[in-house]
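Visitor: Dropping in model34.csv, which is CSV, C-alpha atoms:
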```
chain,number,residue,atom,x,y,z
D,1,MET,CA,0.0,0.0,0.0
D,2,GLU,CA,2.8,2.3,0.9
D,3,LYS,CA,4.6,1.5,-2.4
D,4,LYS,CA,1.5,2.6,-4.4
D,5,GLU,CA,1.3,5.8,-2.5
D,6,VAL,CA,4.9,6.7,-3.5
D,7,GLU,CA,4.3,5.9,-7.1
D,8,HIS,CA,1.2,8.1,-7.1
D,9,GLN,CA,2.9,11.0,-5.6
D,10,THR,CA,5.6,11.2,-8.2
D,11,LYS,CA,3.7,10.0,-11.3
D,12,PHE,CA,4.4,13.3,-13.2
D,13,LEU,CA,8.0,13.6,-12.2
D,14,PRO,CA,9.3,11.3,-15.0
D,15,ILE,CA,7.4,13.3,-17.6
D,16,ILE,CA,8.8,16.6,-16.3
D,17,THR,CA,12.3,15.1,-16.3
D,18,GLY,CA,12.0,13.9,-19.9
D,19,LEU,CA,10.7,17.3,-21.1
D,20,PHE,CA,13.5,19.1,-19.1
D,21,VAL,CA,16.2,17.0,-20.7
D,22,ALA,CA,14.7,17.3,-24.2
D,23,VAL,CA,14.5,21.1,-23.9
D,24,LEU,CA,18.1,21.2,-22.7
D,25,ILE,CA,19.5,19.1,-25.6
D,26,ILE,CA,17.5,20.7,-28.3
D,27,SER,CA,18.3,24.2,-27.2
D,28,ASN,CA,22.0,23.4,-27.1
D,29,ILE,CA,22.0,22.1,-30.7
D,30,ALA,CA,19.9,25.1,-31.8
D,31,SER,CA,22.5,27.4,-30.2
D,32,THR,CA,24.9,26.9,-33.1
D,33,LYS,CA,22.8,29.5,-35.0
D,34,ILE,CA,23.0,33.2,-34.1
D,35,ALA,CA,19.6,34.8,-35.0
D,36,GLU,CA,18.4,38.4,-35.1
D,37,ILE,CA,14.8,39.0,-33.9
D,38,GLY,CA,13.9,42.6,-34.1
D,39,LEU,CA,16.5,44.5,-31.9
D,40,LEU,CA,17.6,41.3,-30.2
D,41,VAL,CA,20.6,39.2,-31.3
D,42,LEU,CA,20.2,35.7,-29.8
D,43,ASP,CA,21.7,32.3,-30.1
D,44,ALA,CA,18.7,30.4,-31.4
D,45,GLY,CA,18.7,28.0,-28.5
D,46,THR,CA,17.6,30.9,-26.3
D,47,ILE,CA,14.1,30.6,-27.9
D,48,LEU,CA,13.6,27.3,-26.0
D,49,PHE,CA,16.1,27.3,-23.2
D,50,PRO,CA,14.2,29.5,-20.7
D,51,LEU,CA,11.7,26.6,-20.4
D,52,SER,CA,14.4,24.6,-18.6
D,53,TYR,CA,14.4,27.3,-15.8
D,54,ILE,CA,10.6,27.2,-15.7
D,55,PHE,CA,10.8,23.4,-15.3
D,56,GLY,CA,13.4,24.0,-12.6
D,57,ASP,CA,11.1,26.3,-10.7
D,58,ILE,CA,8.3,23.8,-10.9
D,59,LEU,CA,10.4,20.9,-9.7
D,60,THR,CA,11.8,22.9,-6.7
D,61,GLU,CA,8.5,24.4,-5.7
D,62,VAL,CA,6.6,21.1,-5.8
D,63,TYR,CA,9.1,18.3,-5.2
D,64,GLY,CA,11.8,20.2,-3.4
D,65,PHE,CA,15.5,20.8,-3.9
D,66,LYS,CA,16.6,17.2,-3.6
D,67,LYS,CA,14.4,16.0,-6.5
D,68,ALA,CA,15.3,19.1,-8.5
D,69,ARG,CA,19.0,18.2,-7.9
D,70,GLN,CA,18.5,14.7,-9.3
D,71,VAL,CA,16.9,16.1,-12.5
D,72,ILE,CA,19.6,18.8,-12.9
D,73,TRP,CA,22.2,16.1,-12.7
D,74,THR,CA,20.3,14.0,-15.2
D,75,GLY,CA,20.4,16.9,-17.7
D,76,PHE,CA,24.1,17.4,-17.0
D,77,ILE,CA,24.9,13.8,-17.8
D,78,SER,CA,22.7,13.9,-20.9
D,79,LEU,CA,24.6,16.9,-22.2
D,80,MET,CA,27.9,15.2,-21.6
D,81,ILE,CA,26.8,12.1,-23.5
D,82,MET,CA,25.6,14.2,-26.4
D,83,SER,CA,28.8,16.1,-26.6
D,84,ILE,CA,31.0,13.0,-26.6
D,85,VAL,CA,28.8,11.2,-29.2
D,86,PHE,CA,28.9,14.2,-31.6
D,87,PHE,CA,32.6,14.5,-31.2
D,88,ILE,CA,33.3,10.8,-31.9
D,89,VAL,CA,30.9,10.8,-34.8
D,90,GLY,CA,32.8,13.8,-36.3
D,91,LEU,CA,36.0,11.8,-36.1
D,92,LEU,CA,34.7,8.7,-37.9
D,93,PRO,CA,35.9,8.4,-41.5
D,94,SER,CA,33.2,9.3,-44.0
D,95,ALA,CA,31.8,6.6,-46.3
D,96,GLY,CA,32.5,6.9,-50.0
D,97,GLY,CA,30.1,9.1,-51.8
D,98,TRP,CA,29.0,10.9,-48.6
D,99,GLU,CA,30.0,14.5,-49.0
D,100,ASN,CA,28.4,16.2,-46.0
D,101,GLN,CA,31.3,16.1,-43.6
D,102,GLN,CA,31.9,19.9,-43.9
D,103,ALA,CA,28.2,20.5,-43.2
D,104,TYR,CA,28.3,18.2,-40.2
D,105,ASP,CA,31.4,20.0,-38.9
D,106,LEU,CA,29.9,23.5,-39.4
D,107,ILE,CA,26.8,22.7,-37.4
D,108,LEU,CA,27.5,19.8,-35.0
D,109,GLY,CA,31.2,20.1,-35.0
D,110,VAL,CA,31.0,23.2,-32.7
D,111,VAL,CA,28.5,21.5,-30.4
D,112,PRO,CA,31.2,20.2,-28.0
D,113,ARG,CA,32.4,23.7,-27.2
D,114,ILE,CA,28.8,24.9,-26.8
D,115,ALA,CA,28.0,21.8,-24.7
D,116,ILE,CA,30.9,22.4,-22.4
D,117,ALA,CA,29.9,26.0,-22.1
D,118,SER,CA,26.3,25.0,-21.4
D,119,MET,CA,27.3,22.3,-18.9
D,120,ILE,CA,29.3,24.8,-16.8
D,121,ALA,CA,26.8,27.6,-17.2
D,122,TYR,CA,23.8,25.3,-16.7
D,123,PHE,CA,25.3,23.7,-13.6
D,124,ALA,CA,26.0,27.0,-11.9
D,125,GLY,CA,22.8,28.7,-13.1
D,126,GLU,CA,20.3,25.9,-12.4
D,127,PHE,CA,21.6,25.3,-8.9
D,128,SER,CA,21.6,29.0,-8.1
D,129,ASN,CA,18.0,29.2,-9.3
D,130,SER,CA,16.9,26.2,-7.4
D,131,TYR,CA,18.7,27.1,-4.2
D,132,LEU,CA,17.4,30.6,-4.1
D,133,LEU,CA,13.8,29.5,-4.9
D,134,ALA,CA,13.9,26.9,-2.1
D,135,LYS,CA,15.3,29.3,0.4
D,136,MET,CA,12.9,32.1,-0.5
D,137,LYS,CA,10.0,29.6,-0.1
D,138,ILE,CA,10.9,29.1,3.5
D,139,ILE,CA,11.4,32.8,4.1
D,140,THR,CA,8.0,33.7,2.5
D,141,LYS,CA,6.3,30.6,4.0
D,142,GLY,CA,5.3,29.5,0.5
D,143,LYS,CA,3.7,32.8,-0.5
D,144,LYS,CA,4.4,35.1,-3.4
D,145,LEU,CA,5.4,32.4,-5.9
D,146,TRP,CA,5.7,35.0,-8.6
D,147,ALA,CA,8.3,37.0,-6.7
D,148,ARG,CA,10.3,33.8,-5.9
D,149,THR,CA,10.3,32.5,-9.5
D,150,ILE,CA,11.2,35.8,-11.1
D,151,SER,CA,13.9,36.7,-8.4
D,152,SER,CA,15.5,33.3,-8.7
D,153,THR,CA,15.5,33.5,-12.5
D,154,ILE,CA,17.1,36.9,-12.5
D,155,VAL,CA,20.0,35.5,-10.5
D,156,GLY,CA,20.2,32.0,-12.2
D,157,GLN,CA,19.8,33.3,-15.7
D,158,GLY,CA,22.3,36.0,-15.1
D,159,VAL,CA,24.9,33.5,-14.0
D,160,ASP,CA,24.0,31.1,-16.8
D,161,THR,CA,23.9,33.7,-19.6
D,162,LEU,CA,27.3,35.3,-18.7
D,163,LEU,CA,29.1,32.0,-18.3
D,164,PHE,CA,27.6,30.4,-21.4
D,165,SER,CA,28.3,33.4,-23.6
D,166,VAL,CA,31.9,33.9,-22.5
D,167,ILE,CA,32.8,30.2,-22.8
D,168,ALA,CA,30.9,29.5,-26.1
D,169,PHE,CA,31.3,32.7,-28.1
D,170,TYR,CA,34.1,34.9,-26.7
D,171,GLY,CA,36.7,35.3,-29.4
D,172,VAL,CA,34.4,33.8,-32.0
D,173,LEU,CA,32.0,36.7,-32.5
D,174,PRO,CA,32.9,40.4,-33.0
D,175,MET,CA,32.9,42.2,-29.6
D,176,ASP,CA,29.8,44.4,-30.4
D,177,ILE,CA,27.8,41.4,-31.4
D,178,PHE,CA,29.1,39.5,-28.4
D,179,ILE,CA,28.0,42.1,-25.9
D,180,THR,CA,24.6,42.5,-27.7
D,181,LEU,CA,24.2,38.7,-27.5
D,182,ILE,CA,24.7,38.7,-23.7
D,183,ILE,CA,22.3,41.5,-23.1
D,184,SER,CA,19.7,40.2,-25.6
D,185,ASN,CA,19.8,36.7,-24.3
D,186,TYR,CA,19.4,37.8,-20.7
D,187,ILE,CA,16.5,40.2,-21.4
D,188,PHE,CA,14.7,37.5,-23.5
D,189,LYS,CA,15.2,34.7,-20.9
D,190,VAL,CA,13.9,36.8,-17.9
D,191,GLY,CA,11.1,38.1,-20.1
D,192,VAL,CA,9.9,34.6,-20.9
D,193,GLU,CA,9.9,33.7,-17.2
D,194,ILE,CA,7.8,36.8,-16.4
D,195,LEU,CA,5.4,36.1,-19.4
D,196,PHE,CA,5.0,32.4,-18.4
D,197,THR,CA,4.3,33.2,-14.7
D,198,PRO,CA,0.5,32.6,-14.9
D,199,ILE,CA,1.1,29.3,-16.6
D,200,THR,CA,3.7,28.4,-14.0
D,201,TYR,CA,1.1,29.1,-11.3
D,202,GLN,CA,-1.4,26.8,-13.0
D,203,ILE,CA,1.1,23.9,-13.4
D,204,VAL,CA,2.3,24.2,-9.8
D,205,GLY,CA,-1.2,24.2,-8.5
D,206,PHE,CA,-2.2,21.2,-10.6
D,207,LEU,CA,0.9,19.2,-9.6
D,208,LYS,CA,0.6,20.0,-5.9
D,209,LYS,CA,-3.0,18.8,-6.0
D,210,GLN,CA,-2.3,15.7,-8.0
D,211,GLU,CA,0.9,14.6,-6.4
D,212,HIS,CA,-0.1,15.6,-2.9
D,213,GLN,CA,3.3,17.3,-2.4
D,214,ASP,CA,4.5,20.7,-1.4
D,215,VAL,CA,8.0,20.3,-0.2
D,216,TYR,CA,9.7,22.8,2.1
D,217,ASP,CA,13.5,22.3,2.3
D,218,TYR,CA,13.9,23.0,6.0
D,219,LYS,CA,16.5,20.3,6.7
D,220,THR,CA,17.9,19.8,3.1
D,221,ASN,CA,21.6,19.6,2.4
D,222,PHE,CA,21.9,22.1,-0.4
D,223,SER,CA,25.3,20.8,-1.8
D,224,PRO,CA,24.9,20.3,-5.5
D,225,PHE,CA,27.2,17.3,-5.3
D,226,LYS,CA,25.1,15.2,-2.9
D,227,ILE,CA,23.2,13.0,-5.3
```
Would you encode the structure as structure tokens?
Guide:
Amino acid sequence: MEKKEVEHQTKFLPIITGLFVAVLIISNIASTKIAEIGLLVLDAGTILFPLSYIFGDILTEVYGFKKARQVIWTGFISLMIMSIVFFIVGLLPSAGGWENQQAYDLILGVVPRIAIASMIAYFAGEFSNSYLLAKMKIITKGKKLWARTISSTIVGQGVDTLLFSVIAFYGVLPMDIFITLIISNYIFKVGVEILFTPITYQIVGFLKKQEHQDVYDYKTNFSPFKI
């Protein structure tokens, strides 16, 4: 009976984890393209990547920091596997008649650098976001979710954007485009978080009701390395 209770309480966690990892991997591959949308200059992965922080907010708010930490590590390992596989595939000798090696190198050949940048930035940013959200939940006694999600995103995305941009694109892009990229990415990411706040409220409310969970991290060890 107890086993069924546990399974019921976390029935949506695998779905959220899968979507989180998918968003992370897709956005990292898409980041190989630099796009211009109006006045904003963005790596194209930025269009999707803010959703990973929204998922991080939802995970921490509903399931607590410990579950969020497991999912963050799952994403980290997935990024590492992706980077290694793309690198090895790029080194494999091309079959006779297959003339797309240059195209592969141009798009996926730079993914290892972007993946390394993303892993470092993602690790620091996601844990900053999750830690701050969990601590603020205790301080506010679970109130003002909008203030907690936006505040934690401002910090987490700031750390993430700066680290990612410097490691992935410094020395690759002209300095004016590089600075514009950092500012544009940050504004866009925080803007998406604010825009999606009503949806975040709905999802959090639904999950708390369905999962019967609303974790407060009073006695949690916040070390990112305690898996």
Visitor: Could you jot down the atom CA of D:Gly125 to atom CA of D:Ala168 separation for me, Å, one decimal place?
Guide: 15.3 Å
Visitor: So how far away is atom CA of D:Val21 from atom CA of D:Ser52, in Å?
Guide: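 According to the coordinates, atom CA of D:Ser52 and atom CA of D:Val21 are separated by 8.1 Å.
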Visitor: Pick out the residues sitting within 12 Å of D:Ile154, and hand them over as a list of chain:residue names; count only C-alpha atoms, and ignore anything fewer than 6 positions along from it in its own chain.
Guide: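 Surrounding residues, per the criterion: D:Pro50, D:Tyr53, D:Gly125, D:Glu126, D:Ser128, D:Asn129, D:Ser130, D:Leu132, D:Leu133, D:Ala147, D:Arg148, D:Asp160, D:Thr161, D:Tyr186, D:Ile187, D:Phe188, D:Lys189, D:Val190, D:Gly191, D:Val192, D:Glu193, D:Ile194.
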Visitor: Just how far from atom CA of D:Ala124 is atom CA of D:Lys143, in Å to one decimal?
Guide: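 About the pair atom CA of D:Lys143 and atom CA of D:Ala124: they are 25.7 Å apart.
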Visitor: So which residues touch D:Val62 within 12 Å, counting only C-alpha atoms, skipping near sequence neighbours fewer than 3 positions away, as a PyMOL selection string?
Guide: chain D and resi 9-10+12-13+16+55-59+65-68+130+133-134+137+142+145+200-201+203-217
Visitor: Would you mind telling me which residue in D:Lys219, D:Met80, D:Ile167, D:Thr149 lies nearest to D:Phe196 when using all atoms listed in the file?
Guide: D:Thr149
Visitor: Of the residues D:Ala22, D:Leu108, D:Ala44, D:Ile72, which is the one nearest to D:Ile88, using only C-alpha atoms?
Guide: D:Leu108
Visitor: With all atoms listed in the file as the counted atoms, please give the residues lying no more than 10 Å from D:Ile25, apart from itself and same-chain residues fewer than 6 positions off, as a count of residues only.
Guide: 11
Visitor: Which residues, written as a list of chain:residue names, have at least one atom at most 12 Å from D:Ile37, with all atoms listed in the file counted and residues fewer than 4 positions away on the same chain left out?
Guide: D:Val41, D:Leu42, D:Asp43, D:Ala44, D:Thr46, D:Ile47, D:Leu181, D:Ser184, D:Asn185, D:Phe188
Visitor: Give the answer as one residue: which of D:Phe20, D:Tyr122, D:Tyr131, D:Trp73 has the shortest atom-to-atom distance to D:Phe164, using only C-alpha atoms?
Guide: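 Among the listed residues, D:Tyr122 lies closest to D:Phe164.
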Visitor: From the options D:Ser165, D:Thr153, D:Thr140, D:Ser27, which residue's atoms come nearest to D:Thr197, counting all atoms listed in the file?
Guide: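 Of D:Ser165, D:Thr153, D:Thr140, D:Ser27, the one nearest D:Thr197, counting all atoms listed in the file, is D:Thr153.
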Visitor: In terms of the shortest atom-to-atom distance over all atoms listed in the file, which of D:Glu36, D:Leu195, D:Gly109, D:Lys144 is closest to D:Val85?
Guide: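 Among D:Glu36, D:Leu195, D:Gly109, D:Lys144, it is D:Gly109 that comes nearest to D:Val85.
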Visitor: Using all atoms listed in the file, which of D:Ile29, D:Val71, D:Ile54, D:Leu48 sits nearest D:Ile150?
Guide: D:Ile54
